[in-house]
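Accompanying notes for the structure given below.
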Amino acid sequence: MVQEAYMKLALELAEKGKGFVNPNPMVGAVIVKNNSIIGSGYHQAYGQLHAERNALASVTESPAGATMYVNLEPCCHYGKTPPCTEAILESGISHVVVGTLDPNPKVSGNGVRILEQHGVKVTVGVLEKESRLLNKVFIHYITTKRPFLVLKSAMTIDGKTATSSGESQWITNDSSRKYVHQLRHNYSAIMTGVQTVITDNPLLTCRLPDAKNPVRIICDTHLRIPLSSKIVETAHDVPTYIATACEESEKGQLLRELGCNMIYTPLKDGVLDLSELVMQLGKMKIDSILLEGGPTLNFSALKDNLVDYIYLFIAPKILGGTAAKTPVGGTGVERLNDYFSFRFVNATTIDSDILLEYEK
């Protein structure tokens, strides 16, 4: 029980790095000696020191003979920082308690093996389920090389995302929209289609204090994005990528001059090959994508089996209208047995709204 309590503290520390450390995992470390915590730390930002080194830097007395609790196996390779196993061995720590092994092929049990070979006792699997859940994005990305894709949508009780005239601001309440901004901070990138940009002219930024903006990805097959859109006007301030099939064009050059980056993506059935685009984004170290798309883009992501998680906000309103849009459009499935299947995870009330969560 004592080990679980210290590991819980490590997990709470690790979560402070959410949104700042991508594509690295969230890691926290707690150092205990003679039943007292003598140091703690967490990985605060990508490229900065890892949790173990921050914890060692904070100790109030010698860590020799102490126990370190860390939610992810210490790294043993050189990246942007030196291996954490080296720091642990140099410190004299005698016991390391690990939440879960690191699935990164560069680590994958080697960190534990190195520590044990040098006489350090290692215990693995304390709060393993919780440790893996915290880093589900990292685990997915490092094992598949594909970004973790989260579909977010908001609708009324009768399943409408807008009125029959197209008005959609706002379906949900203020608290739900604040929650969405937290999601924008948590994930590396945000994706939408050009029609959403044309219709709503969104910024797609995170407007919370002390938070970061996601990289903006606009799916725009034929470069229809208005040069006067808020997305283009702020492209020098917020990293922005236009995914398009138009390899060379005068408008593409103008967009580049205005700060946009271009991702040339092949066509599939007359539209952008979303699977290829997502893999391209993974190669750019984008580990996660929040999809705030319209019904057509949402269907494409589902059809290509790209959606890993769903946040569905439901507002206590009824709009009606045969022409009013729903969260998922496209051609749909022809047979009932062809439905897209997800597992229910959680239901939360956010003031008057309900948030439903599902995973693949």
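Chain labels A, B, ... are given in the sequence in which chains occur in the structure tokens; within each chain residues are numbered consecutively from 1, and ligands are likewise numbered from 1 in the order shown.
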- Give me the residues within 12 Å of Ser108 in chain A as a PyMOL selection string, counting only C-alpha atoms and dropping any in the same chain fewer than 3 places off. chain A and resi 72-77+100-105+111-114+139+142-143
- Task: Identify, on the basis of only C-alpha atoms, every residue whose closest approach to Ser275 in chain A does not exceed 9 Å; exclude the query and any residue fewer than 2 positions from it along the same chain; express the result as a count of residues only.
- Result: 10
- What separation in Å, quoted to one decimal, exists between CA of Ser94 in chain A and CA of Tyr6 in chain A? 16.2 Å
- Exercise: Glu276 in chain A partners within 12 Å, only C-alpha atoms, chain neighbours under 6 positions left out, as a list in words: Arg146, Pro147, Ala243, Thr244, Ala245, Ile263, Tyr264, Thr265, Pro266, Leu267, Lys268, Gly282, Lys283, Ala301, Asp304 and Leu306 of chain A
Can you write just those residues out, all heavy atoms, as a CSV table (one decimal), in the first residue's frame?
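Written output follows (again_30.csv):
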chain,number,residue,atom,x,y,z
A,146,ARG,N,1.8,6.2,-35.5
A,146,ARG,CA,0.7,7.0,-36.0
A,146,ARG,C,0.2,7.9,-34.9
A,146,ARG,O,0.0,7.4,-33.8
A,146,ARG,CB,-0.4,6.1,-36.5
A,146,ARG,CG,-1.6,6.8,-37.0
A,146,ARG,CD,-2.7,5.9,-37.7
A,146,ARG,NE,-3.3,5.0,-36.7
A,146,ARG,CZ,-4.3,5.3,-35.9
A,146,ARG,NH1,-4.7,6.6,-35.9
A,146,ARG,NH2,-4.8,4.5,-35.1
A,147,PRO,N,-0.2,9.1,-35.1
A,147,PRO,CA,-0.7,10.0,-34.1
A,147,PRO,C,-2.0,9.4,-33.5
A,147,PRO,O,-2.8,8.8,-34.2
A,147,PRO,CB,-1.0,11.3,-34.8
A,147,PRO,CG,0.0,11.3,-36.0
A,147,PRO,CD,0.1,9.9,-36.4
A,243,ALA,N,-2.9,21.0,-45.7
A,243,ALA,CA,-2.8,19.7,-46.4
A,243,ALA,C,-3.6,19.8,-47.7
A,243,ALA,O,-4.8,20.0,-47.7
A,243,ALA,CB,-3.3,18.6,-45.6
A,244,THR,N,-2.9,19.6,-48.8
A,244,THR,CA,-3.5,19.9,-50.1
A,244,THR,C,-3.0,18.9,-51.2
A,244,THR,O,-1.9,18.4,-51.0
A,244,THR,CB,-3.3,21.3,-50.6
A,244,THR,OG1,-4.0,21.5,-51.8
A,244,THR,CG2,-1.8,21.6,-50.7
A,245,ALA,N,-3.8,18.8,-52.2
A,245,ALA,CA,-3.3,18.0,-53.4
A,245,ALA,C,-2.7,18.9,-54.5
A,245,ALA,O,-2.2,18.4,-55.5
A,245,ALA,CB,-4.5,17.2,-54.0
A,263,ILE,N,1.6,20.8,-46.9
A,263,ILE,CA,1.8,19.3,-46.9
A,263,ILE,C,1.1,18.8,-48.1
A,263,ILE,O,-0.1,18.8,-48.2
A,263,ILE,CB,1.2,18.7,-45.6
A,263,ILE,CG1,1.8,19.3,-44.3
A,263,ILE,CG2,1.5,17.2,-45.6
A,263,ILE,CD1,1.3,18.6,-43.0
A,264,TYR,N,1.9,18.3,-49.0
A,264,TYR,CA,1.3,17.8,-50.3
A,264,TYR,C,0.9,16.3,-50.0
A,264,TYR,O,1.7,15.4,-49.7
A,264,TYR,CB,2.3,17.9,-51.4
A,264,TYR,CG,2.6,19.3,-51.6
A,264,TYR,CD1,3.9,19.8,-51.3
A,264,TYR,CD2,1.7,20.2,-52.1
A,264,TYR,CE1,4.2,21.2,-51.5
A,264,TYR,CE2,2.0,21.6,-52.3
A,264,TYR,CZ,3.3,22.0,-52.0
A,264,TYR,OH,3.6,23.4,-52.2
A,265,THR,N,-0.4,16.0,-50.2
A,265,THR,CA,-1.0,14.7,-49.9
A,265,THR,C,-1.7,14.2,-51.1
A,265,THR,O,-2.5,14.9,-51.8
A,265,THR,CB,-2.0,14.9,-48.7
A,265,THR,OG1,-1.4,15.6,-47.6
A,265,THR,CG2,-2.5,13.5,-48.2
A,266,PRO,N,-1.5,12.9,-51.4
A,266,PRO,CA,-2.1,12.3,-52.6
A,266,PRO,C,-3.6,12.2,-52.4
A,266,PRO,O,-4.1,12.2,-51.3
A,266,PRO,CB,-1.5,11.0,-52.7
A,266,PRO,CG,-1.0,10.7,-51.4
A,266,PRO,CD,-0.6,12.0,-50.8
A,267,LEU,N,-4.3,12.1,-53.5
A,267,LEU,CA,-5.8,11.9,-53.5
A,267,LEU,C,-6.2,10.4,-53.4
A,267,LEU,O,-5.4,9.5,-53.8
A,267,LEU,CB,-6.4,12.5,-54.7
A,267,LEU,CG,-6.4,14.0,-54.9
A,267,LEU,CD1,-7.0,14.4,-56.3
A,267,LEU,CD2,-7.1,14.7,-53.8
A,268,LYS,N,-7.3,10.2,-52.8
A,268,LYS,CA,-7.9,8.8,-52.7
A,268,LYS,C,-9.4,9.0,-52.8
A,268,LYS,O,-10.0,9.7,-52.0
A,268,LYS,CB,-7.5,8.2,-51.3
A,268,LYS,CG,-8.1,6.8,-51.1
A,268,LYS,CD,-7.8,6.3,-49.8
A,268,LYS,CE,-8.4,4.9,-49.5
A,268,LYS,NZ,-8.1,4.4,-48.1
A,282,GLY,N,2.7,12.0,-38.3
A,282,GLY,CA,3.5,11.2,-37.3
A,282,GLY,C,5.0,11.3,-37.5
A,282,GLY,O,5.7,11.4,-36.6
A,283,LYS,N,5.4,11.4,-38.8
A,283,LYS,CA,6.8,11.6,-39.1
A,283,LYS,C,7.3,12.9,-38.7
A,283,LYS,O,8.6,13.2,-38.5
A,283,LYS,CB,7.1,11.3,-40.6
A,283,LYS,CG,6.9,9.9,-41.0
A,283,LYS,CD,7.0,9.8,-42.5
A,283,LYS,CE,6.7,8.3,-43.0
A,283,LYS,NZ,6.8,8.2,-44.4
A,301,ALA,N,-12.4,10.0,-41.5
A,301,ALA,CA,-11.5,9.5,-40.4
A,301,ALA,C,-12.1,8.2,-39.9
A,301,ALA,O,-11.3,7.2,-39.6
A,301,ALA,CB,-11.4,10.5,-39.3
A,304,ASP,N,-11.6,5.3,-42.5
A,304,ASP,CA,-10.2,4.9,-42.6
A,304,ASP,C,-9.6,4.3,-41.3
A,304,ASP,O,-8.4,4.1,-41.2
A,304,ASP,CB,-9.3,6.1,-43.0
A,304,ASP,CG,-9.5,6.5,-44.5
A,304,ASP,OD1,-10.2,5.8,-45.2
A,304,ASP,OD2,-8.9,7.5,-44.9
A,306,LEU,N,-9.2,5.6,-38.4
A,306,LEU,CA,-8.2,6.4,-37.8
A,306,LEU,C,-8.5,6.9,-36.4
A,306,LEU,O,-7.7,7.4,-35.6
A,306,LEU,CB,-7.9,7.6,-38.7
A,306,LEU,CG,-7.3,7.3,-40.0
A,306,LEU,CD1,-7.2,8.6,-40.9
A,306,LEU,CD2,-5.9,6.7,-39.9
- Message: Calculated over only C-alpha atoms, which of the candidates A:Gly125, A:Gly159, A:Pro226, A:Pro214 has the smallest distance to Ile318 in chain A?
- Response: A:Gly159
